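To keep things clear, I will list the structure first and then write my remarks on it.
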Amino acid sequence: MQISVRTAPRLSVWAGVLALAAATAQAQTPAPNSHLARNLAATCANCHGTNGNALGEMKSLAGTSAERTIALMTFYKATPQPEGVTIMHQIAKGYTDDQIKLIAGYFAAQQPRK
Amino acid sequence: MQTRLDSELSRRRLLGAGMALGGLTLAGCASTASGPSIGRVVVVGGGFGGATAARYLKMWGGNVDVTLVERNTSFVSCPISNMVLGGHKQMADISRGYGGLKALGVKVVQGDVTAIDAAGKKVRLAGGGELAYDRLIVSPGVDFMVEQVGGLQGALDSGRITHSWKAGPQTVALRKQLEAMPDGGVFAMSIPKVPYRCPPGPYERACMVASYLKTAKPKSKVLVLDGNPEIQSKKALFERAFRDHYSGIIEYRANAELKEVSGLTAKLEFEDVKADVLNVIPPQRAGDLARSAGLITVNNRWAGVDWLTMESTAVKGVHVLGDATFSAPAMPKSGHMANQHAKVAAAAIIQLLKGEPVNDTPVVMNTCYSFVTARDVVHVASVHQYDAKDKTFKTVPGSGGVSAAASQLEGRYALSWADNIWNDMLNA
């Protein structure tokens, strides 16, 4: 068949078109949870400030490295409430490890207020 | 000239925010984002739910036209208001303006919404204006079922009895009554059966009033008449506070449902209790607007919602937040939770306006601090993950809990919590 003569270049063209179409489709219908990190981090804002910039005694999270937040939350999750500490051991146990990673990444990317 | 100015002003007022919306929205766009608006959202009620929704719609949505309708000129917080009753805080400490939201481009309309036209997608304002919307958020809080307590409506109208369950003039009125009460007097308070706004709030109130009387009028009594069989939140912690700090002052009575008030006498099923100051927290339901708009779907009291979007299960395009909702299991009616509802709604509404799928794994959490003395505080916390199978939020097993004991450290955190949540909702 005529087409077979030009199979190779056609394939590469089609691959490109398909890739483009896939990319376009992705841009048009983003995953349901495209803002998941932002939404999860917002559950912390009541105490830790909007986008992690806290007022007063509460700890600001904006600009904190993801590693530090993950390490702390993982510790809170793994241990019972020690004497004299307050609330984070109880709250951390409500979030999955994946959610903690997303939250930590979001706060690491926020600008600390001067 | 004066007449012309007056008529111009009243014309503008009559045309209402619909006209003003255009101008102010432009100003909002100029300061926040450019490009065409993705839609108009009207938010009714500027409390913990509504104000947070307005702020987050602007912050996350960019070009969303957001109009907040609130009847009061400023926000007065219920959380921390018991500290005002105790004389440990002033009204100014728990009041914030709406200027921070205006600075973000939110159009703030002071007024009352009298009707929702869901088919026509507009709300009517007292005074005749109308506001058109693509999505409507209603955060009406609670209103009282005063008809369930004989004589209560008249007593509240006369000012003889306070509810003080909406912070503001009622907070001031009760504080004045406490200041005027003679030493050796009886302060009696009635707690309705659950569910009501802020489960630990009444017991904190008992502590705060007792903390004032303990030093200012030490021969006085605090009589807690609870319509429930036991303390409804942080039970062991409040029992300990009653015992450690207010022994001989606070007397707690379970299953003491208020049937009727007569003068300053509280009539229970089997006895009458005479008080010098009587504070009645009435039974509650979703706010009046939820009722008139047909949003109430459960027990004639609460508004059912789709927890992924906070959209009413009864009226399309209308989202309901906060205390007015039919709560998910173990979800408290609190300002903190209303703020969390608002963020779920804001994220979902922006996606819906853009024609994009909404977050299908939302999380909300609650933290509630209660003062047991002027400095010592106890907390309760919970985390609620969306359960796709049962289409509701559920608390995570093993998470959440209460303080081991009251502490001054949590007292500092409680005040800082207030500063942070007020700022989170109002940008102020």
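Chain labels A, B, ... are given in the sequence in which chains occur in the structure tokens; within each chain residues are numbered consecutively from 1, and ligands are likewise numbered from 1 in the order shown.
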
12 Å contact set for B:Cys368, only C-alpha atoms, chain neighbours under 4 positions out, as a ChimeraX atom specification: /A:46-47,87 /B:79-80,198-201,204,233-234,331-337,377-382,400-403,410-411,413-415,417-418,421

Please produce a file of those selected residues containing N, CA and C atoms, as a short mmCIF file (atom, residue, chain, number, x, y, z; two decimals), in the first residue's frame.
data_model
loop_
_atom_site.label_atom_id
_atom_site.label_comp_id
_atom_site.auth_asym_id
_atom_site.auth_seq_id
_atom_site.Cartn_x
_atom_site.Cartn_y
_atom_site.Cartn_z
N ASN A 46 -5.47 28.00 60.29
CA ASN A 46 -6.21 28.56 61.43
C ASN A 46 -5.26 28.89 62.58
N CYS A 47 -4.27 28.04 62.78
CA CYS A 47 -3.29 28.27 63.85
C CYS A 47 -1.97 28.81 63.30
N ILE A 87 -0.61 19.66 71.30
CA ILE A 87 -1.69 19.22 70.42
C ILE A 87 -1.24 18.49 69.16
N PRO B 79 -15.76 32.88 70.00
CA PRO B 79 -14.59 32.40 70.75
C PRO B 79 -13.86 33.59 71.41
N ILE B 80 -13.51 33.43 72.65
CA ILE B 80 -12.86 34.44 73.51
C ILE B 80 -13.91 35.37 74.15
N CYS B 198 -20.90 25.31 69.41
CA CYS B 198 -19.77 25.29 70.35
C CYS B 198 -20.01 24.41 71.57
N PRO B 199 -19.84 23.09 71.41
CA PRO B 199 -20.13 22.16 72.51
C PRO B 199 -19.47 22.50 73.85
N PRO B 200 -18.18 22.90 73.91
CA PRO B 200 -17.61 23.19 75.23
C PRO B 200 -17.92 24.60 75.74
N GLY B 201 -18.47 25.46 74.88
CA GLY B 201 -18.66 26.87 75.23
C GLY B 201 -19.41 27.14 76.52
N GLU B 204 -17.14 26.47 79.51
CA GLU B 204 -16.15 27.55 79.61
C GLU B 204 -16.80 28.79 80.22
N SER B 233 -18.42 18.17 76.33
CA SER B 233 -17.10 18.24 75.71
C SER B 233 -16.06 18.42 76.81
N LYS B 234 -14.91 17.76 76.65
CA LYS B 234 -13.81 17.88 77.61
C LYS B 234 -14.31 17.62 79.04
N MET B 331 -18.44 15.80 64.09
CA MET B 331 -17.95 17.11 63.63
C MET B 331 -18.61 18.21 64.47
N PRO B 332 -17.80 19.00 65.18
CA PRO B 332 -18.40 20.02 66.06
C PRO B 332 -18.88 21.25 65.29
N LYS B 333 -19.86 21.91 65.84
CA LYS B 333 -20.27 23.23 65.32
C LYS B 333 -19.38 24.27 65.97
N SER B 334 -18.35 24.68 65.25
CA SER B 334 -17.38 25.61 65.82
C SER B 334 -16.94 26.61 64.76
N GLY B 335 -16.39 27.73 65.21
CA GLY B 335 -15.86 28.71 64.28
C GLY B 335 -14.70 28.14 63.48
N HIS B 336 -13.87 27.35 64.16
CA HIS B 336 -12.73 26.72 63.49
C HIS B 336 -13.22 25.82 62.35
N MET B 337 -14.26 25.03 62.65
CA MET B 337 -14.77 24.11 61.62
C MET B 337 -15.42 24.90 60.48
N VAL B 377 -5.88 26.82 80.10
CA VAL B 377 -6.73 26.42 78.97
C VAL B 377 -6.62 24.92 78.71
N VAL B 378 -7.73 24.38 78.21
CA VAL B 378 -7.76 22.98 77.75
C VAL B 378 -8.21 22.96 76.29
N HIS B 379 -7.80 21.93 75.56
CA HIS B 379 -8.18 21.85 74.15
C HIS B 379 -8.89 20.54 73.82
N VAL B 380 -9.60 20.56 72.69
CA VAL B 380 -10.03 19.34 72.02
C VAL B 380 -9.70 19.51 70.55
N ALA B 381 -9.20 18.43 69.92
CA ALA B 381 -8.83 18.51 68.51
C ALA B 381 -9.33 17.27 67.78
N SER B 382 -9.62 17.41 66.49
CA SER B 382 -10.03 16.27 65.68
C SER B 382 -9.66 16.52 64.22
N GLY B 400 -6.66 12.98 67.10
CA GLY B 400 -7.46 13.89 67.92
C GLY B 400 -7.37 13.57 69.40
N GLY B 401 -8.09 14.37 70.20
CA GLY B 401 -8.08 14.13 71.64
C GLY B 401 -8.15 15.43 72.41
N VAL B 402 -7.96 15.31 73.70
CA VAL B 402 -8.04 16.48 74.58
C VAL B 402 -6.72 16.65 75.33
N SER B 403 -6.59 17.80 76.01
CA SER B 403 -5.40 18.06 76.82
C SER B 403 -5.28 17.03 77.94
N GLU B 410 -1.11 26.38 77.01
CA GLU B 410 -2.25 26.34 76.09
C GLU B 410 -3.07 27.64 76.17
N GLY B 411 -2.98 28.32 77.31
CA GLY B 411 -3.61 29.63 77.40
C GLY B 411 -3.01 30.60 76.41
N TYR B 413 -1.40 29.69 73.67
CA TYR B 413 -1.76 29.21 72.33
C TYR B 413 -3.20 29.58 71.97
N ALA B 414 -4.07 29.55 72.95
CA ALA B 414 -5.49 29.86 72.67
C ALA B 414 -5.63 31.28 72.15
N LEU B 415 -4.93 32.21 72.79
CA LEU B 415 -5.02 33.61 72.35
C LEU B 415 -4.35 33.79 70.99
N TRP B 417 -4.12 31.37 68.74
CA TRP B 417 -5.08 30.75 67.79
C TRP B 417 -6.08 31.81 67.33
N ALA B 418 -6.62 32.57 68.30
CA ALA B 418 -7.64 33.57 67.95
C ALA B 418 -7.06 34.60 66.98
N ILE B 421 -6.64 32.88 63.49
CA ILE B 421 -7.84 32.54 62.72
C ILE B 421 -8.58 33.83 62.31
#

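If you take only C-alpha atoms and a cut-off of 6 Å, the residues of chain A that reach chain B are Pro32, Asn33, Asn46, Cys47, Gly49, Thr50, Leu55, Gly56, Glu57, Gln90, Ile91, Lys93 and Gly94 of chain A.
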
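Distances to B:Phe326 were evaluated for B:Pro195, B:Pro202, B:Gly99, B:Pro218 using only C-alpha atoms, and the minimum falls at B:Pro195.
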
Within 12 Å of A:Thr74 using only C-alpha atoms, minus same-chain residues under 5 positions, as a PyMOL selection string: chain A and resi 66-69+79-80+88-101+104

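The shortest atom-to-atom distance to B:Gly35, with only C-alpha atoms taken into account, belongs to B:Asn63 out of B:Phe242, B:Asn63, B:Gly150, B:Val273.
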
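Across stretch 23-72 of chain A, DSSP run on the backbone finds helix (DSSP H, G or I) at Ala23, Thr24, Ala25, Gln26, Ala27, Gln28, Leu36, Ala37, Arg38, Asn39, Leu40, Ala41, Ala42, Ala45, Asn46, Cys47, His48, Thr50, Asn51, Gly52, Ala66, Glu67, Arg68, Thr69, Ile70, Ala71 and Leu72 of chain A.
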
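Between atom CA of B:Arg243 and atom CA of B:Lys176 there is a distance of 26.8 Å.
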
May I have the residues within 12 Å of B:Leu426 as a PDB file with N, CA and C atoms, in the first residue's frame, using only C-alpha atoms and disregarding those fewer than 5 positions away in the same chain?
ATOM      1  N   ASN A  46      -5.469  27.997  60.292  1.00  0.00           N
ATOM      2  CA  ASN A  46      -6.210  28.558  61.429  1.00  0.00           C
ATOM      3  C   ASN A  46      -5.264  28.895  62.580  1.00  0.00           C
ATOM      4  N   GLY A  49      -1.262  30.350  60.523  1.00  0.00           N
ATOM      5  CA  GLY A  49      -1.279  31.530  59.669  1.00  0.00           C
ATOM      6  C   GLY A  49      -1.567  31.213  58.214  1.00  0.00           C
ATOM      7  N   THR A  50      -2.139  32.191  57.531  1.00  0.00           N
ATOM      8  CA  THR A  50      -2.449  32.033  56.116  1.00  0.00           C
ATOM      9  C   THR A  50      -1.159  31.767  55.351  1.00  0.00           C
TER      10      THR A  50
ATOM     11  N   GLY B  46     -20.801  37.245  57.361  1.00  0.00           N
ATOM     12  CA  GLY B  46     -19.371  37.507  57.480  1.00  0.00           C
ATOM     13  C   GLY B  46     -18.771  36.996  58.771  1.00  0.00           C
ATOM     14  N   GLY B  47     -19.186  35.819  59.209  1.00  0.00           N
ATOM     15  CA  GLY B  47     -18.587  35.198  60.387  1.00  0.00           C
ATOM     16  C   GLY B  47     -17.420  34.304  59.981  1.00  0.00           C
ATOM     17  N   PHE B  48     -17.142  33.303  60.822  1.00  0.00           N
ATOM     18  CA  PHE B  48     -15.991  32.431  60.574  1.00  0.00           C
ATOM     19  C   PHE B  48     -16.087  31.735  59.216  1.00  0.00           C
ATOM     20  N   GLY B  49     -17.302  31.317  58.820  1.00  0.00           N
ATOM     21  CA  GLY B  49     -17.453  30.646  57.536  1.00  0.00           C
ATOM     22  C   GLY B  49     -17.375  31.624  56.369  1.00  0.00           C
ATOM     23  N   GLY B  50     -18.275  32.590  56.375  1.00  0.00           N
ATOM     24  CA  GLY B  50     -18.420  33.480  55.221  1.00  0.00           C
ATOM     25  C   GLY B  50     -17.192  34.330  54.956  1.00  0.00           C
ATOM     26  N   ALA B  51     -16.611  34.898  55.989  1.00  0.00           N
ATOM     27  CA  ALA B  51     -15.440  35.764  55.789  1.00  0.00           C
ATOM     28  C   ALA B  51     -14.267  34.948  55.245  1.00  0.00           C
ATOM     29  N   THR B  52     -14.075  33.740  55.801  1.00  0.00           N
ATOM     30  CA  THR B  52     -12.994  32.885  55.298  1.00  0.00           C
ATOM     31  C   THR B  52     -13.223  32.546  53.827  1.00  0.00           C
ATOM     32  N   ALA B  53     -14.462  32.242  53.470  1.00  0.00           N
ATOM     33  CA  ALA B  53     -14.769  31.901  52.077  1.00  0.00           C
ATOM     34  C   ALA B  53     -14.430  33.070  51.162  1.00  0.00           C
ATOM     35  N   ALA B  54     -14.819  34.272  51.571  1.00  0.00           N
ATOM     36  CA  ALA B  54     -14.551  35.450  50.744  1.00  0.00           C
ATOM     37  C   ALA B  54     -13.047  35.622  50.545  1.00  0.00           C
ATOM     38  N   ARG B  55     -12.301  35.494  51.648  1.00  0.00           N
ATOM     39  CA  ARG B  55     -10.864  35.686  51.547  1.00  0.00           C
ATOM     40  C   ARG B  55     -10.194  34.638  50.650  1.00  0.00           C
ATOM     41  N   TYR B  56     -10.555  33.383  50.845  1.00  0.00           N
ATOM     42  CA  TYR B  56      -9.905  32.313  50.082  1.00  0.00           C
ATOM     43  C   TYR B  56     -10.354  32.282  48.624  1.00  0.00           C
ATOM     44  N   LYS B  58     -10.850  34.931  46.885  1.00  0.00           N
ATOM     45  CA  LYS B  58      -9.990  35.955  46.278  1.00  0.00           C
ATOM     46  C   LYS B  58      -8.558  35.450  46.151  1.00  0.00           C
ATOM     47  N   MET B  59      -8.078  34.821  47.209  1.00  0.00           N
ATOM     48  CA  MET B  59      -6.670  34.418  47.233  1.00  0.00           C
ATOM     49  C   MET B  59      -6.395  33.291  46.228  1.00  0.00           C
ATOM     50  N   LEU B  68     -19.457  40.177  49.745  1.00  0.00           N
ATOM     51  CA  LEU B  68     -19.821  39.671  51.070  1.00  0.00           C
ATOM     52  C   LEU B  68     -20.918  40.557  51.639  1.00  0.00           C
ATOM     53  N   SER B  74     -18.992  45.343  62.031  1.00  0.00           N
ATOM     54  CA  SER B  74     -17.725  44.678  62.296  1.00  0.00           C
ATOM     55  C   SER B  74     -17.982  43.277  62.829  1.00  0.00           C
ATOM     56  N   PHE B  75     -16.938  42.477  62.786  1.00  0.00           N
ATOM     57  CA  PHE B  75     -17.013  41.093  63.257  1.00  0.00           C
ATOM     58  C   PHE B  75     -16.720  41.066  64.759  1.00  0.00           C
ATOM     59  N   VAL B  76     -17.565  40.380  65.517  1.00  0.00           N
ATOM     60  CA  VAL B  76     -17.304  40.162  66.940  1.00  0.00           C
ATOM     61  C   VAL B  76     -17.255  38.652  67.163  1.00  0.00           C
ATOM     62  N   SER B  77     -16.155  38.174  67.724  1.00  0.00           N
ATOM     63  CA  SER B  77     -15.903  36.736  67.827  1.00  0.00           C
ATOM     64  C   SER B  77     -16.611  36.111  69.021  1.00  0.00           C
ATOM     65  N   SER B  95     -13.103  42.127  68.575  1.00  0.00           N
ATOM     66  CA  SER B  95     -13.775  42.749  67.421  1.00  0.00           C
ATOM     67  C   SER B  95     -12.748  43.067  66.339  1.00  0.00           C
ATOM     68  N   ARG B  96     -13.159  42.854  65.103  1.00  0.00           N
ATOM     69  CA  ARG B  96     -12.314  43.168  63.949  1.00  0.00           C
ATOM     70  C   ARG B  96     -13.186  43.757  62.844  1.00  0.00           C
ATOM     71  N   GLY B  97     -12.592  44.620  62.026  1.00  0.00           N
ATOM     72  CA  GLY B  97     -13.324  45.214  60.915  1.00  0.00           C
ATOM     73  C   GLY B  97     -13.230  44.385  59.648  1.00  0.00           C
ATOM     74  N   TYR B  98     -13.945  44.828  58.625  1.00  0.00           N
ATOM     75  CA  TYR B  98     -13.930  44.145  57.329  1.00  0.00           C
ATOM     76  C   TYR B  98     -12.993  44.820  56.321  1.00  0.00           C
ATOM     77  N   GLY B  99     -12.197  45.791  56.820  1.00  0.00           N
ATOM     78  CA  GLY B  99     -11.301  46.516  55.923  1.00  0.00           C
ATOM     79  C   GLY B  99     -10.270  45.638  55.238  1.00  0.00           C
ATOM     80  N   GLY B 100      -9.814  44.606  55.930  1.00  0.00           N
ATOM     81  CA  GLY B 100      -8.808  43.714  55.357  1.00  0.00           C
ATOM     82  C   GLY B 100      -9.351  42.965  54.150  1.00  0.00           C
ATOM     83  N   LEU B 101     -10.625  42.595  54.195  1.00  0.00           N
ATOM     84  CA  LEU B 101     -11.244  41.922  53.041  1.00  0.00           C
ATOM     85  C   LEU B 101     -11.431  42.899  51.890  1.00  0.00           C
ATOM     86  N   LYS B 102     -11.845  44.127  52.227  1.00  0.00           N
ATOM     87  CA  LYS B 102     -12.006  45.146  51.181  1.00  0.00           C
ATOM     88  C   LYS B 102     -10.678  45.382  50.466  1.00  0.00           C
ATOM     89  N   ALA B 103      -9.595  45.397  51.243  1.00  0.00           N
ATOM     90  CA  ALA B 103      -8.271  45.639  50.655  1.00  0.00           C
ATOM     91  C   ALA B 103      -7.880  44.534  49.672  1.00  0.00           C
ATOM     92  N   LEU B 104      -8.465  43.345  49.851  1.00  0.00           N
ATOM     93  CA  LEU B 104      -8.178  42.236  48.928  1.00  0.00           C
ATOM     94  C   LEU B 104      -9.096  42.248  47.709  1.00  0.00           C
ATOM     95  N   VAL B 106     -12.554  42.292  47.975  1.00  0.00           N
ATOM     96  CA  VAL B 106     -13.903  41.797  48.279  1.00  0.00           C
ATOM     97  C   VAL B 106     -14.821  43.001  48.425  1.00  0.00           C
ATOM     98  N   VAL B 108     -17.717  44.532  50.138  1.00  0.00           N
ATOM     99  CA  VAL B 108     -18.442  44.268  51.379  1.00  0.00           C
ATOM    100  C   VAL B 108     -19.688  45.147  51.416  1.00  0.00           C
ATOM    101  N   ASN B 339     -14.516  27.756  59.370  1.00  0.00           N
ATOM    102  CA  ASN B 339     -13.382  28.222  58.569  1.00  0.00           C
ATOM    103  C   ASN B 339     -12.910  27.101  57.629  1.00  0.00           C
ATOM    104  N   ALA B 418      -6.624  32.566  68.296  1.00  0.00           N
ATOM    105  CA  ALA B 418      -7.639  33.567  67.945  1.00  0.00           C
ATOM    106  C   ALA B 418      -7.062  34.603  66.976  1.00  0.00           C
ATOM    107  N   ASP B 419      -5.884  35.116  67.290  1.00  0.00           N
ATOM    108  CA  ASP B 419      -5.261  36.108  66.399  1.00  0.00           C
ATOM    109  C   ASP B 419      -5.071  35.540  64.995  1.00  0.00           C
ATOM    110  N   ASN B 420      -4.637  34.285  64.946  1.00  0.00           N
ATOM    111  CA  ASN B 420      -4.345  33.694  63.641  1.00  0.00           C
ATOM    112  C   ASN B 420      -5.605  33.376  62.844  1.00  0.00           C
ATOM    113  N   ILE B 421      -6.637  32.881  63.493  1.00  0.00           N
ATOM    114  CA  ILE B 421      -7.843  32.544  62.721  1.00  0.00           C
ATOM    115  C   ILE B 421      -8.584  33.832  62.312  1.00  0.00           C
TER     116      ILE B 421
END

Near-stretch 276-286 of chain B list (9 Å; only C-alpha atoms; drop same-chain fewer than 5 positions) as number ranges by chain: B: 140-146, 148-149, 152, 160-165, 174, 177-178, 181-182, 185-197, 202, 258, 264-266, 291, 295-296, 300-303, 323-326

Output C-alpha atoms for every residue in the selection just made, as a PDB file, in the first residue's frame.
ATOM      1  CA  PRO B 140     -26.006  32.118  58.398  1.00  0.00           C
ATOM      2  CA  GLY B 141     -24.916  30.641  61.711  1.00  0.00           C
ATOM      3  CA  VAL B 142     -27.687  29.641  64.075  1.00  0.00           C
ATOM      4  CA  ASP B 143     -30.955  31.148  65.131  1.00  0.00           C
ATOM      5  CA  PHE B 144     -32.861  30.238  68.251  1.00  0.00           C
ATOM      6  CA  MET B 145     -35.886  27.995  68.771  1.00  0.00           C
ATOM      7  CA  VAL B 146     -37.201  30.301  71.480  1.00  0.00           C
ATOM      8  CA  GLN B 148     -39.337  25.674  72.972  1.00  0.00           C
ATOM      9  CA  VAL B 149     -38.938  27.590  76.245  1.00  0.00           C
ATOM     10  CA  LEU B 152     -38.295  33.149  76.662  1.00  0.00           C
ATOM     11  CA  ARG B 160     -34.195  40.794  81.414  1.00  0.00           C
ATOM     12  CA  ILE B 161     -32.628  37.542  80.237  1.00  0.00           C
ATOM     13  CA  THR B 162     -29.644  37.230  77.896  1.00  0.00           C
ATOM     14  CA  HIS B 163     -28.592  34.422  75.593  1.00  0.00           C
ATOM     15  CA  SER B 164     -25.127  35.876  74.815  1.00  0.00           C
ATOM     16  CA  TRP B 165     -24.700  33.027  72.313  1.00  0.00           C
ATOM     17  CA  LEU B 174     -24.572  39.937  80.341  1.00  0.00           C
ATOM     18  CA  GLN B 177     -25.731  42.178  84.663  1.00  0.00           C
ATOM     19  CA  LEU B 178     -22.871  40.294  86.319  1.00  0.00           C
ATOM     20  CA  MET B 181     -25.277  41.436  90.668  1.00  0.00           C
ATOM     21  CA  PRO B 182     -24.940  41.629  94.466  1.00  0.00           C
ATOM     22  CA  GLY B 185     -26.260  36.348  94.235  1.00  0.00           C
ATOM     23  CA  VAL B 186     -26.986  33.368  91.989  1.00  0.00           C
ATOM     24  CA  PHE B 187     -25.957  33.306  88.346  1.00  0.00           C
ATOM     25  CA  ALA B 188     -27.914  30.516  86.645  1.00  0.00           C
ATOM     26  CA  MET B 189     -27.290  29.369  83.098  1.00  0.00           C
ATOM     27  CA  SER B 190     -29.240  26.952  80.970  1.00  0.00           C
ATOM     28  CA  ILE B 191     -27.652  24.673  78.347  1.00  0.00           C
ATOM     29  CA  PRO B 192     -29.854  23.197  75.600  1.00  0.00           C
ATOM     30  CA  LYS B 193     -29.748  19.611  74.449  1.00  0.00           C
ATOM     31  CA  VAL B 194     -27.167  18.883  71.744  1.00  0.00           C
ATOM     32  CA  PRO B 195     -26.593  19.751  68.981  1.00  0.00           C
ATOM     33  CA  TYR B 196     -25.835  23.404  69.619  1.00  0.00           C
ATOM     34  CA  ARG B 197     -23.113  25.869  68.577  1.00  0.00           C
ATOM     35  CA  PRO B 202     -21.255  26.712  78.023  1.00  0.00           C
ATOM     36  CA  LEU B 258     -35.334  24.398  80.963  1.00  0.00           C
ATOM     37  CA  LEU B 264     -35.759  35.520  86.786  1.00  0.00           C
ATOM     38  CA  THR B 265     -37.022  32.074  87.683  1.00  0.00           C
ATOM     39  CA  ALA B 266     -35.988  29.081  85.615  1.00  0.00           C
ATOM     40  CA  ARG B 291     -35.000  28.243  56.540  1.00  0.00           C
ATOM     41  CA  LEU B 295     -32.016  24.850  52.691  1.00  0.00           C
ATOM     42  CA  ILE B 296     -33.098  22.996  55.820  1.00  0.00           C
ATOM     43  CA  ASN B 300     -36.431  20.853  60.582  1.00  0.00           C
ATOM     44  CA  ARG B 301     -33.181  22.281  61.912  1.00  0.00           C
ATOM     45  CA  TRP B 302     -30.088  21.799  59.774  1.00  0.00           C
ATOM     46  CA  ALA B 303     -28.979  22.191  56.160  1.00  0.00           C
ATOM     47  CA  ASP B 323     -23.015  25.799  62.268  1.00  0.00           C
ATOM     48  CA  ALA B 324     -26.049  25.784  59.957  1.00  0.00           C
ATOM     49  CA  THR B 325     -25.019  22.506  58.315  1.00  0.00           C
ATOM     50  CA  PHE B 326     -26.163  19.063  59.347  1.00  0.00           C
TER      51      PHE B 326
END

Straight-line distance linking atom CA of B:Glu70 with atom CA of B:Val44, stated in Å to one decimal: 6.4 Å

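Note that the spacing between atom CA of B:Val43 and atom CA of B:Asp112 amounts to 11.7 Å.
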